[in-house]
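**Student:** Sharing a structure below in structure tokens format, with a few things to ask.
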Amino acid sequence: MTVHSASGEKSQLFQPLAINNGKVKLQHRVIHAPMTRNRGVPQSTTNTPENPNRVWYPGDLMVEYYSQRTTPGGLIISEGIPPSMESNGMPGVPGLWTEQQAAGWKKVVDGVHAQGGYIYCQLWHAGRVTLPQMTGYPPVSASASAWDSPTEVFPYPPVGSTEQIPLAAHPPIELTVPHIKQTIQDYCKAAETAMKIGFDGVELHGGNGYLPEQFLSSNINKRTDEYGGTPEKRCRFVLELMDELAKTIGEENLSIRLSPFGLFNQTRGEQRLETWTYLCEQLKQTHPNLSYVSFIEPRYEQIFSYEEKDSFLKSWGLANVDLSRFRKIFGSTPFFSGGGWNQTNSWGVLEDGRYDALLYGRFFTSNPDLVERLKKGIPFAPYERSRFYGPFEDNSICYTDYKKAEQGTGENGHVENGHTEIKITTQQ
């Protein structure tokens, strides 16, 4: 296969792409990846240990953030949106189960549409990656599998405390079959609301060790009923969930994100190829008109370096694994790839036929004009890792204060805040 290395505006990244069964016509293939930023507004002004705030909604700051990163004909995938209180994994994350949340997300959607862009709602259920102090409910999962690391802590201390709590201290409860059905209905209700308020589609977050992947992972899912025990049975929850979502909003409006080779949140399951191959074959067979599918690169990992991840893949006998088998299964379904794409390695990838579009995450935080910078070869402004996840006293810093290239940037690459000095590092 010949590699074409056209870069900049000559790249296929800047050619149109139809998704959503032709209803959405993207003008380029640089996709804004889903990223948790924890910048929601608390619903309650009371936030005490006895009565903690557990509900957040999108405010004007979030409208500004998404609007800044919108381009005509460009696609934004929202941060993970919890469909229920039980599903929320972090403070500051706006869900989609109250009228106030729906109204806030509608403003975000309207802001993106006003700039000529498209936006999909990513639905996210943390499963066992949360605490009862966070949600008011026991964590839930495929099985009552506790975290096997006594030192891994929930990143946010409970309200009124400075002490982080080990995730192992609160093992999840195993979802009963009726509870599984209710959880699917929670997703469907949120998906229906998302379409009603104007989102252009819905993406199920099926990766990164959250609830769907907890069912897919043999080290977490220890069930012996119809939802566990074999690769096929471990796929059942995700397949049922996608069936019901498709019935609710139409499969052409539905997509899924998967990370078949991920290790995040202790997903160390075996039978990777068997499990995800079966899952993808079933999805293609039952839902041939999905809007798109989105995969995370095998060597990209939230917590490990490329070298560390490679050693894991080798230990599984998957040293040279790539996403080509899944690309082949999905055929004409638009196929997105995320994980580590930047200004040096994005060229020639789409021309090669490997993928139809590329997702960019971390660099989109510090480059609201990332699409233009890629097109014109303007260097990216470095991101500030310590400001990825709020909530902060001033949520706008390193969120909405980054400049576009034509505005001119200081050495920090972002608008200097009048009363706060932030040092931007170039850590990757």
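In the structure tokens, chains take the letters A, B, ... in the order shown, each chain's residues start at 1, and ligands count up from 1 in the order shown.
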Contacts of Lys404 (chain A) at 8 Å or less, counting only C-alpha atoms, minus same-chain residues fewer than 6 places along, as a PyMOL selection string?
**Tutor:** chain A and resi 367-369
**Student:** Extract the full set of strand (DSSP E) residues from region 60-193 of chain A according to DSSP on the backbone, and format it as an MDAnalysis selection string.
**Tutor:** chainID A and resid 75:81 118:123 140:141 173:174
**Student:** Please report, as a ChimeraX atom specification, each residue of region 216-401 of chain A to which DSSP assigns helix (DSSP H, G or I) when run on this structure's backbone.
**Tutor:** /A:216,231-234,236-249,251-253,264-266,272-286,306-315,324-330,362-366,370-376,385-387
**Student:** Region 265-356 of chain A near region 242-253 of chain A within 10 Å: what's each residue's closest atom pair and its distance in Å to one decimal, counting only C-alpha atoms, ordered by chain then ascending residue number, as CSV?
**Tutor:**
residue,atom,partner,partner_atom,distance
A:Leu283,CA,A:Met242,CA,8.1
A:Thr286,CA,A:Asp243,CA,8.0
A:His287,CA,A:Glu251,CA,6.4
A:Pro288,CA,A:Glu251,CA,8.3
A:Asn289,CA,A:Glu252,CA,5.4
A:Leu290,CA,A:Glu252,CA,4.8
A:Ser291,CA,A:Glu252,CA,4.8
A:Tyr292,CA,A:Glu252,CA,8.4
**Student:** Determine the nearest neighbour of Glu274 (chain A) from the options A:Phe199, A:Phe326, A:Phe304, A:Tyr118, counting only C-alpha atoms.
**Tutor:** A:Phe326
**Student:** Considering only C-alpha atoms, state which residue in the set A:Pro132, A:Gly377, A:Pro212, A:Gly201 is at the smallest distance from Glu86 (chain A).
**Tutor:**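 That would be A:Pro132, the residue with the smallest distance to Glu86 (chain A).
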**Student:** Show me, as JSON, numbers by chain, the residues that have an atom within 10 Å of Asp310 (chain A) when counting only C-alpha atoms, minus same-chain residues fewer than 4 positions from it.
**Tutor:** {"A": [298, 299, 300, 304, 305, 306, 314, 315, 316, 318, 319, 320, 321]}
**Student:** So that I can see what lies close to Ala126 (chain A), please list as a PyMOL selection string the residues with an atom at most 9 Å from it, counting only C-alpha atoms and leaving out residues fewer than 5 positions away in the same chain.
**Tutor:** chain A and resi 82+86-90+139-141+209-212
**Student:** For Glu64 (chain A), please output as a list in words all residues within 12 Å (counting only C-alpha atoms; exclusion window: fewer than 2 positions along the same chain).
**Tutor:**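 In the requested format, the answer is Arg39, Pro58, Gly59, Asp60, Leu61, Met62, Tyr66, Ser67, Gln68, Arg69, Thr70, Lys107, Val108, Val109, Asp110, Gly111, Val112, Ala114, Gln115, Pro368, Ser396, Tyr399, Thr400, Asp401 and Tyr402 of chain A.
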**Student:** Write the selection just made, keeping C-alpha atoms, as a PDB file, in the first residue's frame?
**Tutor:**
ATOM      1  CA  ARG A  39     -16.639  22.758  34.567  1.00  0.00           C
ATOM      2  CA  PRO A  58     -23.767  23.320  31.858  1.00  0.00           C
ATOM      3  CA  GLY A  59     -23.476  27.072  32.345  1.00  0.00           C
ATOM      4  CA  ASP A  60     -22.405  29.912  30.040  1.00  0.00           C
ATOM      5  CA  LEU A  61     -18.706  29.058  30.461  1.00  0.00           C
ATOM      6  CA  MET A  62     -19.263  25.643  28.887  1.00  0.00           C
ATOM      7  CA  TYR A  66     -17.569  24.432  22.998  1.00  0.00           C
ATOM      8  CA  SER A  67     -18.397  27.398  20.736  1.00  0.00           C
ATOM      9  CA  GLN A  68     -14.727  28.447  20.674  1.00  0.00           C
ATOM     10  CA  ARG A  69     -13.737  25.022  19.349  1.00  0.00           C
ATOM     11  CA  THR A  70     -16.457  24.770  16.720  1.00  0.00           C
ATOM     12  CA  LYS A 107     -27.512  26.168  25.127  1.00  0.00           C
ATOM     13  CA  VAL A 108     -24.253  24.328  24.379  1.00  0.00           C
ATOM     14  CA  VAL A 109     -25.816  22.628  21.344  1.00  0.00           C
ATOM     15  CA  ASP A 110     -27.286  25.918  20.104  1.00  0.00           C
ATOM     16  CA  GLY A 111     -23.879  27.587  20.517  1.00  0.00           C
ATOM     17  CA  VAL A 112     -22.192  24.927  18.379  1.00  0.00           C
ATOM     18  CA  ALA A 114     -24.684  28.888  15.619  1.00  0.00           C
ATOM     19  CA  GLN A 115     -21.035  28.459  14.530  1.00  0.00           C
ATOM     20  CA  PRO A 368      -9.441  26.426  20.179  1.00  0.00           C
ATOM     21  CA  SER A 396     -12.119  29.751  33.061  1.00  0.00           C
ATOM     22  CA  TYR A 399     -10.322  26.523  29.710  1.00  0.00           C
ATOM     23  CA  THR A 400     -11.748  29.469  27.769  1.00  0.00           C
ATOM     24  CA  ASP A 401      -8.763  31.865  27.962  1.00  0.00           C
ATOM     25  CA  TYR A 402      -6.565  30.322  25.251  1.00  0.00           C
TER      26      TYR A 402
END
**Student:** Env of Cys235 (chain A): 9 Å cut, atoms = only C-alpha atoms, seq-sep filter 3 positions within chain, self excluded. Answer as a ChimeraX atom specification.
**Tutor:** /A:212,215-216,227-228,230-232,238-240,275-276,278-279
**Student:** Which residues are near Tyr389 (chain A)? Cut-off 9 Å, only C-alpha atoms, ignore same chain within fewer than 3 positions. Put them as a PyMOL selection string.
**Tutor:** chain A and resi 36-39+92+385-386+392
**Student:** Output N, CA and C atoms for every residue in the selection just made, as a PDB file, in the first residue's frame.
**Tutor:**
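File out_6.pdb, as written:
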ATOM      1  N   THR A  36     -13.534  14.906  29.526  1.00  0.00           N
ATOM      2  CA  THR A  36     -14.079  15.362  30.796  1.00  0.00           C
ATOM      3  C   THR A  36     -13.308  16.595  31.254  1.00  0.00           C
ATOM      4  N   ARG A  37     -14.019  17.685  31.582  1.00  0.00           N
ATOM      5  CA  ARG A  37     -13.334  18.908  32.038  1.00  0.00           C
ATOM      6  C   ARG A  37     -13.870  19.416  33.384  1.00  0.00           C
ATOM      7  N   ASN A  38     -15.006  18.866  33.855  1.00  0.00           N
ATOM      8  CA  ASN A  38     -15.508  19.183  35.201  1.00  0.00           C
ATOM      9  C   ASN A  38     -15.734  20.686  35.412  1.00  0.00           C
ATOM     10  N   ARG A  39     -16.405  21.310  34.460  1.00  0.00           N
ATOM     11  CA  ARG A  39     -16.639  22.758  34.567  1.00  0.00           C
ATOM     12  C   ARG A  39     -18.122  23.096  34.725  1.00  0.00           C
ATOM     13  N   GLY A  92     -18.554  18.070  39.239  1.00  0.00           N
ATOM     14  CA  GLY A  92     -18.427  19.081  38.188  1.00  0.00           C
ATOM     15  C   GLY A  92     -18.849  18.600  36.817  1.00  0.00           C
ATOM     16  N   ARG A 385      -1.639  20.216  31.814  1.00  0.00           N
ATOM     17  CA  ARG A 385      -2.254  19.007  32.357  1.00  0.00           C
ATOM     18  C   ARG A 385      -2.931  19.249  33.708  1.00  0.00           C
ATOM     19  N   SER A 386      -2.334  20.080  34.528  1.00  0.00           N
ATOM     20  CA  SER A 386      -2.878  20.281  35.876  1.00  0.00           C
ATOM     21  C   SER A 386      -4.233  20.995  35.863  1.00  0.00           C
ATOM     22  N   PHE A 392     -12.539  24.185  39.629  1.00  0.00           N
ATOM     23  CA  PHE A 392     -11.598  25.138  40.208  1.00  0.00           C
ATOM     24  C   PHE A 392     -12.355  26.365  40.696  1.00  0.00           C
TER      25      PHE A 392
END
